[in-house]
Amino acid sequence: MAKPKIALYWAASCGGCEIAQLEIGEKILKLAEAVDIVFWPVAIDVKYKDVEAMPDKSIDVCLFNGAIRNSEQEHMAKMLREKAKVMIAFGSCAYEGCIPGLGNMFNRQQIFERAYLETESTDNKEKILPQTSFQAPEGELTLPEFYDTVKTLRQTVDVEYVVPGCPPEEKTIWLALEALIENKLPPPGTVITHSIKSVCDECPRKRDVKKITKIYRTWEIMSDPEVCLLEQGLPCAGIATRGGCGALCPQANMPCTGCYGPVNGVIDQGAHFMNALASVIDSNDPEEIQKIVDDVLDPVGTFYRYSLPDSLLRRARIK
Amino acid sequence: MKKITIDPITRLEGHGKIEIFLNDKGEVENSYFQVPELRGFEKFCEGRLAEDMPQITQRICGVCPEAHHTASTKALDDLFHVDPPSAAKKLRELLYSAFTVTDHVTHFYILGGPDFIMGPDAPVAERNILGVIAKVGLELGGAVIKTRKQNHHVIQMIGGRPVHPVFGQPGGVSKAISEEERKEIEQIARDSIEFAQLSLKVFDDIVLKNKEYVDMIVSDAYTHNTYYMGLVDENNKVNFYDGKVRVVDPEGKEVAKFAPREYLDYIAEHVEPWSYIKFPFLKNIGWKGFVDGKDSGVFRVAPLARLNAADGMATPLAQEAYEKLFDTLGGKPVHHTLAMHWARLVETLYSAERMLELVQDPEITSPNIRTIPTATPDEGVGIVEAPRGTLIHHYFTDERGVIKKVNLIVATLNNAAAVNMSIKKAAMALIKPGKEITEGLLNRIEMAWRPYDLCLACASHAFPGSNPLPIHIYNSKGELIKKLT
């Protein structure tokens with residue numbers, strides 16, 4: 001049997017997914033033996049024209065990381081969808097929009113103005129902004145078009161599987177790659193992790209100890225290392241977040257921020273998290289409750305840190 | 001006019017692209033280093049909680065998240081007016097040292113090194129880490145993988161995760177280390193020192209003992225007389241975690257030394273319409289275009305720049321290596337871009353030695369790792385030396401610590417103007433009318449930007465890579481006339 005043909009690509013992302021892929025260490029040699037990597041801009045010739053020339057569906061699996069922030073990324077997502085039998089949204093950016101998705105609180109004009117005109121160190125009296133086409137003395141120079149709104153991969157093309165995480169942990173990645181190598185991919189639609197439960201399920205901290213009367217910032221208190229962070233008043237997203245990471249952040253005394261995405265059956269992770277936080281508040285008095293939740297000063301960054309483009313909210317409306 | 005397009009360069013907080021224009025005689029008319037991507041962190045961080053910034057801004061770059069995390073955490077100390085306990089500072093620097101080792105090692109063996117170890121004209125299929133392992137042997141190749149993995153393990157032990165750590169907080173860190181962890185890190189530090197020394201020997205054997213390479217390093221095609229910038233300690237020694245930013249002129253004379261809060265008096269950024277990145281320059285000299293020399297505000301950062309800007313290294317073995325570098329290349333400052341590879345190894349040795357010093361510090365396992373801030377937050381600046389250069393985070397908040405404004409000057413970007421110039425100079429020296437443009441020749445042009453380690457590092461190792469840059473040559477009608485792979 002011919003080896004499966006794999007493509008790896010990245011769009012609006014940080015490169016952390018590639019670093020995480022390399023964290024599988026020695027297993028990478030096993031991967032290299034088992035599959036043919038036909039496209040990987042990081043390591044192999046990036047010939048867009050060569051990918052274009054590949055017959056449709058000639059790539060078995062495409063692992064796509066990164067969100068869709070500009071025209072080049074959208075073009076590549078659509079082209080790779082044509083060429084690949086199976087499309088995997090790899091990592092939180094492709095899956096939910098992730099940190100770059102926080103850009104949906106603003107639009108292109110606001111982002112450009114801040115970056116190129118207003119920033120304290122910028123010296124731009126001529127108010128130059130990057131252009132999609134610029135006529136230099138020697139010829140034309142082009143740049144992709146920057147969109148107003150960040151989209152996820154699933155909002156751009158059909159996707160068969162998701163590998164969650166920012167970035168996915170080593171064991172999550174190997175779970176996906178092993179399934180791919182052994183041709184044992186689960187039913188389409190599956191989010192590939194070790195857990196169908198939440199991060200809390202993997203967290204060693206004690207739960208159901210107490211309810212809260214105040215929401216704290218992480219720097220305001222020395223938290224008890226044995227007790228659930230949420231129950232100490234720290235907004236920990238563990239209860240609303242899919243497991244599989246091993247609850248690494250709570251074990252480093254920091255709240256889960258939700259990078260593995262929603263648990264099974266939940267559409268909107270942020271709404272689920274808000275609900276969970278509300279359930280530990282120790283009050284029945286609406287005024288008191290209001291006072292407690294007023295301490296959440298950044299609801300988007302707290303509840304939708306990684307999932308704004310994929311949420312029911314999608315983006316802020318700019319007046 | 002012919003156009004040579006190199007698209008994309010990967011690993012650059014986004015994608016990169018190079019356009020080289022040839023005139024009708026076949027000479028290089030000009031070249032452009034373009035970054036066709038922007039994500040807009042400086043805008044969308046507005047409204048976020050200040051304490052979330054170390055974890056948010058590290059998503060600028062998954063190759064060097066530790067650098068952003070640390071610069072951001074230091075900006076928070078300043079913002080909240082809180083001085084962390086010394087054990088916390090040491091833990092941050094310990095993680096940072098392990099990070100610098102793994103990042104530099106990755107670049108030397110995976111990205112930059114193969115050009116020398118395999119040769120600039122070696123077949124594309126061999127000019128990569130697998131070729132390197134085949135040539136230097138499995139033992140050394142295995143040591144590369146081991147060093148990288150061990151130091152990522154250190155990052156996880158201290159920072160909570162191997163990629164995108166979470167431990168940084170205003171006033172300290174979130175977790176202490178145990179004696180067992182300390183012992184493990186101590187052994188890794190010893191191994192790393194040994195490996196860094198071995199790497200310097202590899203450089204000596206393969207590069208310095210080869211006259212062709214030495215001639216290439218000192219050749220004009222790979223040389224730019226610029227200003228240099230880097231963080232130094234109170235003795236003007238290289239420091240990655242803390243200190244003042246020192247700037248030296250093309251003759252090596254100190255022209256500025258400033259605290260993080262003063263950076264706006266010294267650095268400004270120029271905008272071009274053909275790239276999404278900006279081009280930092282020295283403010284008091286001004287932007288004079290893509291030219292070098294004392295009258296141009298262009299400066300350089302990263303390994304060689306740090307060595308040029310400092311008076312030495314703070315650890316003994318690295319100091320020896322530092323002296324050898326400058327003795328061999330004719331004294332300070334060294335302007336040869338390719339010498340950055342060597343400087344990177346000197347810094348690897350320093351970081352490994354520093355790791356050992358820190359992990360042997362009796363205070364390193366102290367449980368006193370955080371001071372709770374009590375002052376009202378307002379404004380903060382944090383500067384570290386990322387592997388790729390001086391990295392600046394600057395935040396403004398309201399009195400609740402909610403971000404109002406963010407300014408970031410990212411390490412690689414400090415070199416953006418110099419990278420553009422380096423590509424042009426190498427292209428002009430190497431592309432001549434009537435001379436066939438071979439893959440090897442174009443690789444020698446690529447060797448002009450590789451030393452800068454444009455976040456191209458880290459990912460391509462351990463994979464059977466060929467040239468990561470496809471090179472297409474078009475005629476003036478935009479028709480493809482030649483493909484090089």
# chains A, B, ... in the order shown; residues from 1 in each chain; ligands from 1
>>> closest_atom_pairs(of="chain A", to="chain B", cutoff="7 Å", atoms="only C-alpha atoms", output="CSV")
residue,atom,partner,partner_atom,distance
A:Ala12,CA,B:Gly14,CA,7.0
A:Cys14,CA,B:Cys61,CA,4.5
A:Gly15,CA,B:Gly62,CA,4.7
A:Gly16,CA,B:Gly62,CA,3.5
A:Glu18,CA,B:Ala459,CA,5.7
A:Ile19,CA,B:Ala459,CA,5.7
A:Ala20,CA,B:Val163,CA,7.0
A:Leu22,CA,B:Ala459,CA,6.8
A:Pro41,CA,B:Pro468,CA,6.2
A:Val42,CA,B:Ser460,CA,5.6
A:Ala43,CA,B:Gly465,CA,4.6
A:Ile44,CA,B:Gly465,CA,4.7
A:Asp45,CA,B:Pro468,CA,4.8
A:Val46,CA,B:Pro470,CA,5.7
A:Lys47,CA,B:Pro470,CA,5.8
A:Ile99,CA,B:Ile56,CA,6.7
A:Pro100,CA,B:Arg39,CA,6.1
A:Leu102,CA,B:Phe44,CA,5.9
A:Gly103,CA,B:Phe44,CA,5.1
A:Met105,CA,B:Phe44,CA,6.7
A:Phe106,CA,B:Phe44,CA,6.9
A:Ile111,CA,B:Lys43,CA,5.4
A:Arg114,CA,B:Lys43,CA,6.1
A:Ala115,CA,B:Glu42,CA,6.4
A:Tyr116,CA,B:Val271,CA,6.9
A:Thr119,CA,B:Asn407,CA,5.9
A:Glu120,CA,B:Asn407,CA,6.5
A:Ser121,CA,B:Ala268,CA,4.7
A:Thr122,CA,B:Glu269,CA,4.6
A:Asp123,CA,B:Glu269,CA,5.5
A:Asn124,CA,B:Val271,CA,6.3
A:Ile128,CA,B:Pro273,CA,6.0
A:Leu129,CA,B:Pro273,CA,5.5
A:Pro130,CA,B:Pro273,CA,4.0
A:Gln131,CA,B:Pro273,CA,5.5
A:Phe134,CA,B:Trp274,CA,6.1
A:Glu138,CA,B:Phe21,CA,6.5
A:Leu141,CA,B:Trp274,CA,6.3
A:Thr142,CA,B:Trp274,CA,7.0
A:Leu143,CA,B:Pro36,CA,5.3
A:Pro144,CA,B:Pro36,CA,6.2
A:Trp219,CA,B:Ile372,CA,6.3
A:Glu220,CA,B:Ile372,CA,6.2
A:Leu248,CA,B:Gly160,CA,6.2
A:Cys249,CA,B:Gly160,CA,6.1
A:Ala252,CA,B:Gly160,CA,5.1
A:Asn253,CA,B:Ser174,CA,5.7
A:Met254,CA,B:Ser174,CA,6.8
A:Asp298,CA,B:Arg48,CA,5.8
A:Gly301,CA,B:Arg48,CA,5.9
>>> residues_around(residues="Arg207 in chain A", least_positions_apart="6", cutoff="12 Å", atoms="only C-alpha atoms", output="VMD selection string")
chain A and resid 200 to 201 226 to 232 238 to 239 280
>>> write_last_selection(atoms="C-alpha atoms", output="short mmCIF file (atom, residue, chain, number, x, y, z; two decimals), in the first residue's frame")
data_model
loop_
_atom_site.label_atom_id
_atom_site.label_comp_id
_atom_site.auth_asym_id
_atom_site.auth_seq_id
_atom_site.Cartn_x
_atom_site.Cartn_y
_atom_site.Cartn_z
CA CYS A 200 -11.44 19.46 35.84
CA ASP A 201 -11.57 15.74 35.31
CA GLU A 226 -4.68 22.01 46.91
CA VAL A 227 -8.07 23.60 46.24
CA CYS A 228 -9.99 24.23 43.01
CA LEU A 229 -9.01 27.65 41.66
CA LEU A 230 -12.56 28.52 40.64
CA GLU A 231 -13.70 27.90 44.20
CA GLN A 232 -11.00 30.31 45.37
CA GLY A 238 -11.31 24.17 33.37
CA ILE A 239 -14.95 23.27 33.87
CA VAL A 280 -20.19 28.94 42.36
#
>>> select_by_dssp(residues="range 13-244 of chain B", states="helix (DSSP H, G or I)", output="PyMOL selection string")
chain B and resi 41-44+50-60+65-79+86-117+129-136+138-159+179-208+211-218+220-222
>>> atom_distance(atom1="CA of Thr149 in chain A", atom2="CA of Leu391 in chain B")
28.2 Å
>>> closest_atom_pairs(of="range 127-185 of chain A", to="range 261-279 of chain A", cutoff="12 Å", atoms="only C-alpha atoms", output="tab-separated table")
residue	atom	partner	partner_atom	distance
A:Val162	CA	A:Gly261	CA	10.2
A:Val163	CA	A:Gly261	CA	9.9
A:Pro164	CA	A:Gly261	CA	6.5
A:Gly165	CA	A:Gly261	CA	7.2
A:Cys166	CA	A:Gly261	CA	9.4
A:Pro167	CA	A:Gly261	CA	11.5
A:Pro168	CA	A:Gly261	CA	10.9
>>> write_last_selection(atoms="N, CA and C atoms", output="PDB file, in the first residue's frame")
ATOM      1  N   VAL A 162     -10.847  17.900  14.237  1.00  0.00           N
ATOM      2  CA  VAL A 162     -10.223  18.999  14.969  1.00  0.00           C
ATOM      3  C   VAL A 162      -9.203  18.418  15.943  1.00  0.00           C
ATOM      4  N   VAL A 163      -8.030  19.018  15.994  1.00  0.00           N
ATOM      5  CA  VAL A 163      -7.057  18.724  17.059  1.00  0.00           C
ATOM      6  C   VAL A 163      -6.951  20.004  17.882  1.00  0.00           C
ATOM      7  N   PRO A 164      -7.471  20.000  19.143  1.00  0.00           N
ATOM      8  CA  PRO A 164      -7.537  21.249  19.892  1.00  0.00           C
ATOM      9  C   PRO A 164      -6.232  21.577  20.612  1.00  0.00           C
ATOM     10  N   GLY A 165      -6.155  22.814  21.111  1.00  0.00           N
ATOM     11  CA  GLY A 165      -5.029  23.202  21.963  1.00  0.00           C
ATOM     12  C   GLY A 165      -4.246  24.377  21.425  1.00  0.00           C
ATOM     13  N   CYS A 166      -3.701  25.143  22.341  1.00  0.00           N
ATOM     14  CA  CYS A 166      -2.843  26.271  21.958  1.00  0.00           C
ATOM     15  C   CYS A 166      -1.534  26.184  22.720  1.00  0.00           C
ATOM     16  N   PRO A 167      -0.577  25.423  22.193  1.00  0.00           N
ATOM     17  CA  PRO A 167      -0.760  24.474  21.097  1.00  0.00           C
ATOM     18  C   PRO A 167      -1.243  23.135  21.645  1.00  0.00           C
ATOM     19  N   PRO A 168      -1.623  22.194  20.766  1.00  0.00           N
ATOM     20  CA  PRO A 168      -1.940  20.844  21.233  1.00  0.00           C
ATOM     21  C   PRO A 168      -0.721  20.257  21.957  1.00  0.00           C
TER      22      PRO A 168
END
>>> closest_residue(among="B:Glu446, B:Glu139, B:Asp361, B:Asp398", to="Leu91 in chain B", atoms="only C-alpha atoms")
B:Asp361
>>> closest_residue(among="B:Thr70, B:Thr100, B:Ser178, B:Asn284", to="Glu363 in chain B", atoms="only C-alpha atoms")
B:Ser178
>>> atom_distance(atom1="CA of His393 in chain B", atom2="CA of Tyr228 in chain B")
19.7 Å
>>> atom_distance(atom1="CA of Val105 in chain B", atom2="CA of Ala196 in chain B")
8.2 Å
>>> residues_around(residues="Ser86 in chain B", least_positions_apart="3", cutoff="8 Å", atoms="only C-alpha atoms", output="MDAnalysis selection string")
chainID B and resid 89:90 369
>>> residues_around(residues="Ala352 in chain B", least_positions_apart="5", cutoff="7 Å", atoms="only C-alpha atoms", output="list in words")
Ser97, Val101, Ala189, Ser192 and Ile193 of chain B
>>> residues_around(residues="Arg344 in chain B", least_positions_apart="6", cutoff="9 Å", atoms="only C-alpha atoms", output="mmCIF file with N, CA and C atoms, in the first residue's frame")
data_model
loop_
_atom_site.group_PDB
_atom_site.id
_atom_site.type_symbol
_atom_site.label_atom_id
_atom_site.label_comp_id
_atom_site.auth_asym_id
_atom_site.auth_seq_id
_atom_site.Cartn_x
_atom_site.Cartn_y
_atom_site.Cartn_z
ATOM 1 N N HIS B 104 18.964 28.677 20.412
ATOM 2 C CA HIS B 104 20.215 28.871 19.664
ATOM 3 C C HIS B 104 20.711 27.563 19.039
ATOM 4 N N VAL B 105 20.623 26.491 19.803
ATOM 5 C CA VAL B 105 21.068 25.189 19.288
ATOM 6 C C VAL B 105 20.259 24.815 18.053
ATOM 7 N N HIS B 107 18.797 26.765 15.956
ATOM 8 C CA HIS B 107 19.190 27.545 14.787
ATOM 9 C C HIS B 107 20.511 27.070 14.218
ATOM 10 N N PHE B 108 21.473 26.816 15.085
ATOM 11 C CA PHE B 108 22.796 26.469 14.549
ATOM 12 C C PHE B 108 22.763 25.156 13.775
ATOM 13 N N ALA B 302 20.588 41.054 17.976
ATOM 14 C CA ALA B 302 20.798 39.591 17.956
ATOM 15 C C ALA B 302 22.258 39.243 18.292
ATOM 16 N N PRO B 303 22.679 37.965 18.178
ATOM 17 C CA PRO B 303 23.920 37.533 18.832
ATOM 18 C C PRO B 303 25.147 38.410 18.602
ATOM 19 N N LEU B 304 25.518 38.644 17.357
ATOM 20 C CA LEU B 304 26.745 39.402 17.114
ATOM 21 C C LEU B 304 26.604 40.839 17.622
ATOM 22 N N PRO B 387 16.312 35.704 21.681
ATOM 23 C CA PRO B 387 17.428 35.168 20.899
ATOM 24 C C PRO B 387 17.689 36.010 19.651
#
>>> residues_around(residues="Glu186 in chain B", least_positions_apart="4", cutoff="8 Å", atoms="only C-alpha atoms", output="ChimeraX atom specification")
/B:182,190,355-356,359-360
>>> write_last_selection(atoms="C-alpha atoms", output="JSON list (two decimals), in the first residue's frame")
[["chain", "number", "residue", "atom", "x", "y", "z"],
["B", 182, "ARG", "CA", 16.57, 21.48, 40.91],
["B", 190, "ARG", "CA", 26.03, 20.54, 32.91],
["B", 355, "MET", "CA", 21.87, 28.14, 33.96],
["B", 356, "LEU", "CA", 24.30, 26.21, 36.12],
["B", 359, "VAL", "CA", 20.40, 26.39, 39.57],
["B", 360, "GLN", "CA", 23.23, 26.09, 42.13]]
>>> closest_residue(among="B:Trp342, B:Leu307, B:Pro54, B:Met118", to="Leu76 in chain B", atoms="only C-alpha atoms")
B:Pro54
>>> closest_residue(among="B:Val238, B:Ile285, B:Val136, B:Ala259", to="Thr315 in chain B", atoms="only C-alpha atoms")
B:Val238
